[in-house]
Structure formats: structure tokens, C-alpha cells
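What follows is the content of structure_11.csv (CSV, C-alpha atoms).
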chain,number,residue,atom,x,y,z
A,1,MET,CA,-11.1,-58.1,77.0
A,2,LEU,CA,-12.4,-57.0,73.5
A,3,ILE,CA,-12.1,-53.3,74.5
A,4,LEU,CA,-8.4,-53.8,75.2
A,5,ILE,CA,-7.7,-55.2,71.7
A,6,MET,CA,-9.8,-52.7,69.8
A,7,PRO,CA,-7.7,-50.4,67.6
A,8,SER,CA,-7.4,-46.8,68.9
A,9,PHE,CA,-9.4,-45.4,65.9
A,10,GLY,CA,-12.4,-47.0,67.5
A,11,TRP,CA,-12.4,-44.1,70.0
A,12,ALA,CA,-11.4,-41.3,67.7
A,13,GLU,CA,-13.9,-38.8,66.4
A,14,ASN,CA,-14.0,-38.5,62.7
A,15,TYR,CA,-16.2,-36.3,60.5
A,16,LEU,CA,-17.2,-36.0,56.9
A,17,CYS,CA,-17.8,-32.4,56.1
A,18,ILE,CA,-19.7,-31.4,52.9
A,19,VAL,CA,-19.5,-27.9,51.4
A,20,GLU,CA,-22.9,-26.3,50.9
A,21,GLN,CA,-21.9,-22.8,49.8
A,22,SER,CA,-18.7,-21.4,48.3
A,23,THR,CA,-17.7,-17.9,47.3
A,24,GLY,CA,-14.6,-15.9,46.6
A,25,PHE,CA,-12.9,-13.4,44.3
A,26,LYS,CA,-11.6,-13.9,40.8
A,27,TYR,CA,-9.8,-11.6,38.4
A,28,MET,CA,-12.1,-11.3,35.4
A,29,ASN,CA,-12.5,-8.6,32.7
A,30,GLY,CA,-9.7,-6.5,34.0
A,31,LYS,CA,-10.8,-6.4,37.7
A,32,TRP,CA,-11.4,-8.4,40.8
A,33,GLN,CA,-15.0,-9.6,41.1
A,34,SER,CA,-16.9,-11.6,43.7
A,35,VAL,CA,-18.0,-15.0,42.4
A,36,THR,CA,-19.9,-18.0,43.6
A,37,PHE,CA,-18.3,-21.4,43.1
A,38,ASN,CA,-19.9,-24.7,42.6
A,39,PRO,CA,-19.8,-26.3,46.1
A,40,VAL,CA,-18.4,-29.8,45.4
A,41,SER,CA,-15.8,-30.2,48.1
A,42,LYS,CA,-15.9,-32.7,50.9
A,43,TYR,CA,-13.4,-33.0,53.7
A,44,LEU,CA,-12.4,-35.8,56.1
A,45,VAL,CA,-11.7,-34.5,59.6
A,46,SER,CA,-9.5,-36.7,61.8
A,47,THR,CA,-9.3,-35.8,65.5
A,48,GLU,CA,-6.8,-38.6,66.0
A,49,ASP,CA,-4.4,-37.3,63.3
A,50,LEU,CA,-5.3,-33.7,63.9
A,51,GLN,CA,-5.7,-32.9,60.2
A,52,VAL,CA,-8.2,-32.2,57.5
A,53,ASN,CA,-8.0,-34.0,54.1
A,54,PRO,CA,-9.9,-33.3,51.0
A,55,PHE,CA,-12.2,-36.4,50.4
A,56,GLY,CA,-10.2,-38.9,48.3
A,57,ASP,CA,-6.9,-37.2,48.8
A,58,GLU,CA,-4.2,-38.5,51.2
A,59,ALA,CA,-2.4,-35.1,51.4
A,60,PRO,CA,-3.9,-33.0,54.1
A,61,SER,CA,-5.1,-29.4,53.3
A,62,TYR,CA,-5.0,-28.3,56.9
A,63,LEU,CA,-2.5,-29.5,59.5
A,64,ASN,CA,-1.5,-28.3,63.0
A,65,CYS,CA,-5.1,-28.6,64.2
A,66,GLU,CA,-6.4,-28.1,67.7
A,67,ASP,CA,-9.1,-30.3,69.1
A,68,THR,CA,-11.1,-29.0,72.0
A,69,GLU,CA,-14.4,-30.1,73.6
A,70,ASN,CA,-16.5,-27.8,71.4
A,71,ASP,CA,-14.3,-26.9,68.4
A,72,PHE,CA,-11.8,-28.3,65.9
A,73,ILE,CA,-9.6,-25.5,64.5
A,74,CYS,CA,-6.8,-25.7,62.0
A,75,LEU,CA,-4.7,-22.8,60.7
A,76,LYS,CA,-2.5,-22.9,57.6
A,77,GLY,CA,0.0,-20.3,56.9
A,78,TRP,CA,2.7,-21.5,54.6
A,79,GLY,CA,3.8,-21.3,51.0
A,80,ARG,CA,1.1,-19.7,49.0
A,81,GLY,CA,-1.2,-18.2,51.5
A,82,VAL,CA,-3.1,-18.5,54.7
A,83,GLY,CA,-6.4,-20.0,55.7
A,84,ALA,CA,-8.3,-21.8,58.3
A,85,PHE,CA,-10.7,-24.7,58.9
A,86,GLU,CA,-13.0,-24.3,61.8
A,87,MET,CA,-15.7,-26.7,62.9
A,88,SER,CA,-18.1,-26.5,65.8
A,89,LYS,CA,-18.8,-29.9,67.3
A,90,PRO,CA,-22.2,-28.9,68.9
A,91,SER,CA,-23.6,-27.5,65.6
A,92,LEU,CA,-21.6,-29.6,63.2
A,93,ARG,CA,-21.1,-26.6,61.0
A,94,PHE,CA,-17.8,-25.6,59.5
A,95,MET,CA,-16.0,-22.9,57.5
A,96,ALA,CA,-12.9,-23.2,55.4
A,97,THR,CA,-11.0,-20.3,54.0
A,98,HIS,CA,-8.0,-19.8,51.7
A,99,ALA,CA,-6.4,-16.4,51.3
A,100,PRO,CA,-3.5,-16.8,48.9
A,101,ARG,CA,-1.1,-14.1,48.4
A,102,TYR,CA,-3.0,-13.2,45.2
A,103,TYR,CA,-0.9,-10.0,44.7
A,104,ILE,CA,2.1,-12.0,43.7
A,105,PHE,CA,0.4,-14.2,41.1
A,106,LYS,CA,-0.3,-13.3,37.5
A,107,LEU,CA,-3.8,-11.9,37.4
A,108,ASP,CA,-5.3,-14.9,35.4
A,109,ASN,CA,-3.7,-17.5,37.8
A,110,PRO,CA,-6.4,-19.5,39.6
A,111,ASN,CA,-4.0,-20.1,42.5
A,112,GLY,CA,-4.4,-16.4,43.4
A,113,THR,CA,-8.2,-16.8,43.9
A,114,PRO,CA,-9.3,-16.2,47.6
A,115,TRP,CA,-12.3,-18.3,48.7
A,116,MET,CA,-14.5,-19.3,51.6
A,117,GLU,CA,-16.6,-22.4,52.0
A,118,ILE,CA,-19.3,-23.3,54.5
A,119,GLY,CA,-21.2,-26.4,55.2
A,120,THR,CA,-22.1,-29.2,57.6
A,121,CYS,CA,-20.4,-32.2,59.0
A,122,SER,CA,-21.5,-35.7,60.1
A,123,LYS,CA,-19.7,-37.7,62.7
A,124,PHE,CA,-18.8,-41.3,61.8
Written as C-alpha cells, that's how I'd like the structure from this file.
Amino acid sequence: MLILIMPSFGWAENYLCIVEQSTGFKYMNGKWQSVTFNPVSKYLVSTEDLQVNPFGDEAPSYLNCEDTENDFICLKGWGRGVGAFEMSKPSLRFMATHAPRYYIFKLDNPNGTPWMEIGTCSKF
């Protein structure tokens, strides 16, 4: 009887993903240079809502996700660039990318900075 009245989120798989490394390109001193960023990002992955939210933010960063037995993959390709969030369920590793259309921004605009993050996730 209790199983029938449990909310559906009781069966959903959710993950907390923590960035361990972050790198990208930034326009500095008149040219594009590779840089290492301070890895402080965390993501909440919801297999029920099929989205990835930055920790503490209600607006999802990645939508239109596909949940398979082994992977959780989201692609983004609207507005200011393209990117992807890919997580392996067996290894609990993930990679997030953002490739803005940096060529249309002013050179000193941080929104034009392409980056990639990698890290690990924990199921909860």
C-alpha cells in the first residue's frame, strides 16, 4: 500500500555532479589563450525532468536530455552557442561543454569564452 502512495520522485534517478577540472579559451593581451578556470560548478541532474540545473539555480542549463540505460546526454544549441552535458551512469563521470559564438562578441566579453568542464557525479 505504501508503494502506491509514494511520490514518483522516489523512483527517479537524480545526481549531484561536481566539477573537478575546467579549461577554455579567453581573449587576453590581444590574442586567444588557453586558460584554466577555478572549478567551482555543481550540477543537479534530474532523469525525471530530463534537465540539468546549476546547483542552487532553478533555470536549467541543459534541456532536451536523453536518458538511456548507460548515459544521460543533453545538447544545447540555441541563442548564444552550443554545448553538451554528457554523463556515464556506470562510471559516474561527466563532461559539460559550452561553445558560444565567440566570433560575434566583443573580444573582451566573457560570454564569448568557450569552456569545458569534467568531474564526477553521485547518485541520490
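Taking only C-alpha atoms into account, Ala12 (chain A) lies nearest to A:Ser46 out of the set A:Ser122, A:Ser46, A:Asn70, A:Thr113.
Going from CA of Phe124 (chain A) to CA of Asp49 (chain A) covers 15.0 Å.
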Distance CA of Gly24 (chain A)-CA of Lys76 (chain A), one decimal place?
->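 Rounded to one decimal, the two atoms are 17.8 Å apart.
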Could you give me, as JSON, numbers by chain, the residues within 10 Å of region 30-45 of chain A, counting all atoms listed in the file and dropping anything in the same chain fewer than 5 positions from it?
-> {"A": [13, 14, 15, 16, 17, 18, 19, 20, 21, 22, 23, 24, 25, 50, 51, 52, 53, 54, 55, 56, 57, 58, 60, 61, 62, 65, 72, 85, 87, 96, 107, 108, 113, 114, 115, 116, 117, 118, 119, 120, 121, 122, 123]}
Distance in Å - CA of Leu63 (chain A) versus CA of Tyr27 (chain A) = 28.6 Å
For Gly83 (chain A): contacts at 6 Å, only C-alpha atoms, fewer than 4 positions along chain excluded, given as a JSON list (two decimals) with C-alpha atoms, keeping the file's coordinate frame:
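Wrote out28.json, looks like this:
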[["chain", "number", "residue", "atom", "x", "y", "z"],
["A", 75, "LEU", "CA", -4.70, -22.80, 60.70],
["A", 76, "LYS", "CA", -2.50, -22.90, 57.60],
["A", 97, "THR", "CA", -11.00, -20.30, 54.00],
["A", 98, "HIS", "CA", -8.00, -19.80, 51.70],
["A", 99, "ALA", "CA", -6.40, -16.40, 51.30]]
